[in-house]
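In what follows, a structure is listed as structure tokens, so that the remarks can point back to it.
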Amino acid sequence: MATFQLEFVSPEKLLLSRPVEMAVLPAAEGEMGVLPGHAPMIVALRGGVISVREGGQDTEKLFVAGGFAEVTPTRVTILAEEATPVAQLSKADAERRIADCEKALAEATDATPEKREAAMARLLSARAMLAAAQAA
């Protein structure tokens, strides 16, 4: 089966660099499947799970808190703000993160629209983290 090169980078390290058959990304506009030969684009990522498919089955599931992906016909490069294997997610950590984000959003009521939007994005990412932890 045809493959493309997937490179997954976080601020700490290179997490993944290998040929894969498919990747499903949590794009800001919705879930996005990428196959070899995909049209070039750059997309913003929201908090969610990236699934990697090799040999006809899902081989990796990684939670990302946000970031960007550059897609070309032969390569996908993911730049993630934070990335954690789904199996290592903790429900308790996600619940704490949600509580912190809810508090920050409540405190941002008098802030600029951009700061409120950023606080909401962090809250939605934390909720996606909890959902991924519960599904694992």
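By convention here, the chains of the structure tokens are called A, B, ... in the order presented, each chain's residues are numbered starting at 1, and ligands are numbered starting at 1 in the order presented.
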With 9 Å as the cut-off and only C-alpha atoms counted, what is the closest atom pair between each nearby residue of segment 28-78 of chain A and segment 115-125 of chain A? Distances in Å to one decimal, ordered by chain and number, as a Markdown table.
| residue | atom | partner | partner_atom | distance |
| --- | --- | --- | --- | --- |
| A:Arg46 | CA | A:Ser125 | CA | 6.7 |
| A:Gly47 | CA | A:Ser125 | CA | 4.1 |
| A:Gly48 | CA | A:Ser125 | CA | 6.8 |
| A:Val64 | CA | A:Ser125 | CA | 8.3 |
| A:Ala65 | CA | A:Ser125 | CA | 5.6 |
| A:Gly66 | CA | A:Ser125 | CA | 7.5 |
Filtered DSSP result for segment 54-112 of chain A, state strand (DSSP E), as a list in words
Glu54, Gln57, Asp58, Thr59, Glu60, Lys61, Leu62, Phe63, Val64, Gly67, Phe68, Ala69, Glu70, Val71, Arg75, Val76, Thr77, Ile78, Leu79, Ala80, Ala83, Thr84 and Pro85 of chain A
So how far away is atom CA of Arg97 of chain A from atom CA of Ala133 of chain A, in Å?
12.6 Å
Do a neighbour search on Pro26 of chain A at 12 Å with only C-alpha atoms, toss out local chain neighbours closer than 4 positions, and write the hits as a ChimeraX atom specification.
/A:30-34,43-51,61-69,78,80,125,128
Among the residues of segment 19-130 of chain A, find those DSSP assigns to alpha helix (DSSP H) from the backbone and print them as a VMD selection string.
chain A and resid 91 to 107 113 to 130
Using only N, CA and C atoms, please write the residues we just selected to a file, as an mmCIF file, in the first residue's frame.
data_model
loop_
_atom_site.group_PDB
_atom_site.id
_atom_site.type_symbol
_atom_site.label_atom_id
_atom_site.label_comp_id
_atom_site.auth_asym_id
_atom_site.auth_seq_id
_atom_site.Cartn_x
_atom_site.Cartn_y
_atom_site.Cartn_z
ATOM 1 N N LYS A 91 -7.149 10.499 33.730
ATOM 2 C CA LYS A 91 -8.444 11.183 33.915
ATOM 3 C C LYS A 91 -8.323 12.264 34.982
ATOM 4 N N ALA A 92 -7.614 11.958 36.059
ATOM 5 C CA ALA A 92 -7.465 12.927 37.150
ATOM 6 C C ALA A 92 -6.740 14.181 36.663
ATOM 7 N N ASP A 93 -5.666 14.012 35.882
ATOM 8 C CA ASP A 93 -4.942 15.172 35.346
ATOM 9 C C ASP A 93 -5.834 15.989 34.421
ATOM 10 N N ALA A 94 -6.613 15.298 33.589
ATOM 11 C CA ALA A 94 -7.513 15.999 32.665
ATOM 12 C C ALA A 94 -8.580 16.768 33.435
ATOM 13 N N GLU A 95 -9.126 16.167 34.488
ATOM 14 C CA GLU A 95 -10.143 16.852 35.297
ATOM 15 C C GLU A 95 -9.558 18.073 35.989
ATOM 16 N N ARG A 96 -8.318 17.978 36.483
ATOM 17 C CA ARG A 96 -7.649 19.135 37.096
ATOM 18 C C ARG A 96 -7.435 20.238 36.054
ATOM 19 N N ARG A 97 -7.035 19.817 34.854
ATOM 20 C CA ARG A 97 -6.814 20.790 33.794
ATOM 21 C C ARG A 97 -8.117 21.505 33.434
ATOM 22 N N ILE A 98 -9.212 20.767 33.386
ATOM 23 C CA ILE A 98 -10.518 21.366 33.090
ATOM 24 C C ILE A 98 -10.874 22.394 34.158
ATOM 25 N N ALA A 99 -10.698 22.040 35.422
ATOM 26 C CA ALA A 99 -11.018 22.966 36.512
ATOM 27 C C ALA A 99 -10.182 24.239 36.403
ATOM 28 N N ASP A 100 -8.885 24.090 36.118
ATOM 29 C CA ASP A 100 -8.013 25.262 35.966
ATOM 30 C C ASP A 100 -8.456 26.126 34.786
ATOM 31 N N CYS A 101 -8.810 25.479 33.690
ATOM 32 C CA CYS A 101 -9.233 26.224 32.492
ATOM 33 C C CYS A 101 -10.574 26.923 32.704
ATOM 34 N N GLU A 102 -11.480 26.274 33.408
ATOM 35 C CA GLU A 102 -12.763 26.916 33.709
ATOM 36 C C GLU A 102 -12.557 28.151 34.573
ATOM 37 N N LYS A 103 -11.658 28.051 35.541
ATOM 38 C CA LYS A 103 -11.351 29.195 36.403
ATOM 39 C C LYS A 103 -10.739 30.335 35.574
ATOM 40 N N ALA A 104 -9.803 29.989 34.692
ATOM 41 C CA ALA A 104 -9.163 31.004 33.853
ATOM 42 C C ALA A 104 -10.172 31.661 32.914
ATOM 43 N N LEU A 105 -11.102 30.876 32.385
ATOM 44 C CA LEU A 105 -12.125 31.437 31.505
ATOM 45 C C LEU A 105 -13.042 32.378 32.282
ATOM 46 N N ALA A 106 -13.416 32.001 33.501
ATOM 47 C CA ALA A 106 -14.271 32.859 34.328
ATOM 48 C C ALA A 106 -13.562 34.173 34.657
ATOM 49 N N GLU A 107 -12.257 34.119 34.877
ATOM 50 C CA GLU A 107 -11.484 35.319 35.187
ATOM 51 C C GLU A 107 -11.267 36.192 33.956
ATOM 52 N N PRO A 113 -11.352 40.037 23.599
ATOM 53 C CA PRO A 113 -11.947 38.864 22.941
ATOM 54 C C PRO A 113 -10.906 37.794 22.600
ATOM 55 N N GLU A 114 -9.708 38.198 22.233
ATOM 56 C CA GLU A 114 -8.658 37.245 21.898
ATOM 57 C C GLU A 114 -8.265 36.407 23.109
ATOM 58 N N LYS A 115 -8.175 37.050 24.279
ATOM 59 C CA LYS A 115 -7.808 36.311 25.499
ATOM 60 C C LYS A 115 -8.928 35.374 25.917
ATOM 61 N N ARG A 116 -10.172 35.808 25.759
ATOM 62 C CA ARG A 116 -11.306 34.917 26.079
ATOM 63 C C ARG A 116 -11.332 33.724 25.128
ATOM 64 N N GLU A 117 -11.073 33.985 23.850
ATOM 65 C CA GLU A 117 -11.053 32.904 22.862
ATOM 66 C C GLU A 117 -9.937 31.909 23.162
ATOM 67 N N ALA A 118 -8.767 32.401 23.540
ATOM 68 C CA ALA A 118 -7.652 31.516 23.891
ATOM 69 C C ALA A 118 -7.992 30.688 25.127
ATOM 70 N N ALA A 119 -8.631 31.303 26.115
ATOM 71 C CA ALA A 119 -9.030 30.569 27.325
ATOM 72 C C ALA A 119 -10.055 29.495 26.981
ATOM 73 N N MET A 120 -10.993 29.801 26.083
ATOM 74 C CA MET A 120 -11.985 28.812 25.663
ATOM 75 C C MET A 120 -11.321 27.664 24.900
ATOM 76 N N ALA A 121 -10.355 27.980 24.062
ATOM 77 C CA ALA A 121 -9.643 26.938 23.303
ATOM 78 C C ALA A 121 -8.915 25.991 24.256
ATOM 79 N N ARG A 122 -8.308 26.527 25.309
ATOM 80 C CA ARG A 122 -7.622 25.672 26.294
ATOM 81 C C ARG A 122 -8.624 24.785 27.026
ATOM 82 N N LEU A 123 -9.797 25.335 27.346
ATOM 83 C CA LEU A 123 -10.835 24.544 28.014
ATOM 84 C C LEU A 123 -11.322 23.416 27.102
ATOM 85 N N LEU A 124 -11.571 23.718 25.841
ATOM 86 C CA LEU A 124 -12.022 22.683 24.905
ATOM 87 C C LEU A 124 -10.960 21.609 24.723
ATOM 88 N N SER A 125 -9.696 22.000 24.712
ATOM 89 C CA SER A 125 -8.601 21.036 24.609
ATOM 90 C C SER A 125 -8.570 20.131 25.844
ATOM 91 N N ALA A 126 -8.765 20.717 27.016
ATOM 92 C CA ALA A 126 -8.779 19.922 28.253
ATOM 93 C C ALA A 126 -9.946 18.940 28.252
ATOM 94 N N ARG A 127 -11.087 19.363 27.751
ATOM 95 C CA ARG A 127 -12.239 18.452 27.663
ATOM 96 C C ARG A 127 -11.959 17.319 26.685
ATOM 97 N N ALA A 128 -11.276 17.625 25.570
ATOM 98 C CA ALA A 128 -10.908 16.583 24.611
ATOM 99 C C ALA A 128 -9.919 15.607 25.246
ATOM 100 N N MET A 129 -9.050 16.115 26.101
ATOM 101 C CA MET A 129 -8.093 15.251 26.796
ATOM 102 C C MET A 129 -8.833 14.283 27.713
ATOM 103 N N LEU A 130 -9.838 14.774 28.437
ATOM 104 C CA LEU A 130 -10.625 13.904 29.319
ATOM 105 C C LEU A 130 -11.348 12.844 28.504
#
Have a look at atom CA of Arg75 of chain A and atom CA of Pro36 of chain A and let me know their distance in Å, one decimal.
8.0 Å
Atom CA of Gly37 of chain A to atom CA of Glu21 of chain A, straight-line distance in Å
10.9 Å
Nearest to Ile42 of chain A among A:Met22, A:Ala83, A:Met1, A:Ala28, with distances taken over only C-alpha atoms: which residue is it?
A:Ala28
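Of the listed residues A:Thr72, A:Thr109, A:Thr59, A:Ser17, the one whose atoms come nearest to Pro85 of chain A is A:Thr59, with distances taken using only C-alpha atoms.
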Could you list, as an MDAnalysis selection string, every residue within 9 Å of Arg53 of chain A, counting only C-alpha atoms and ignoring same-chain residues fewer than 3 positions away?
chainID A and resid 20:24 56:60
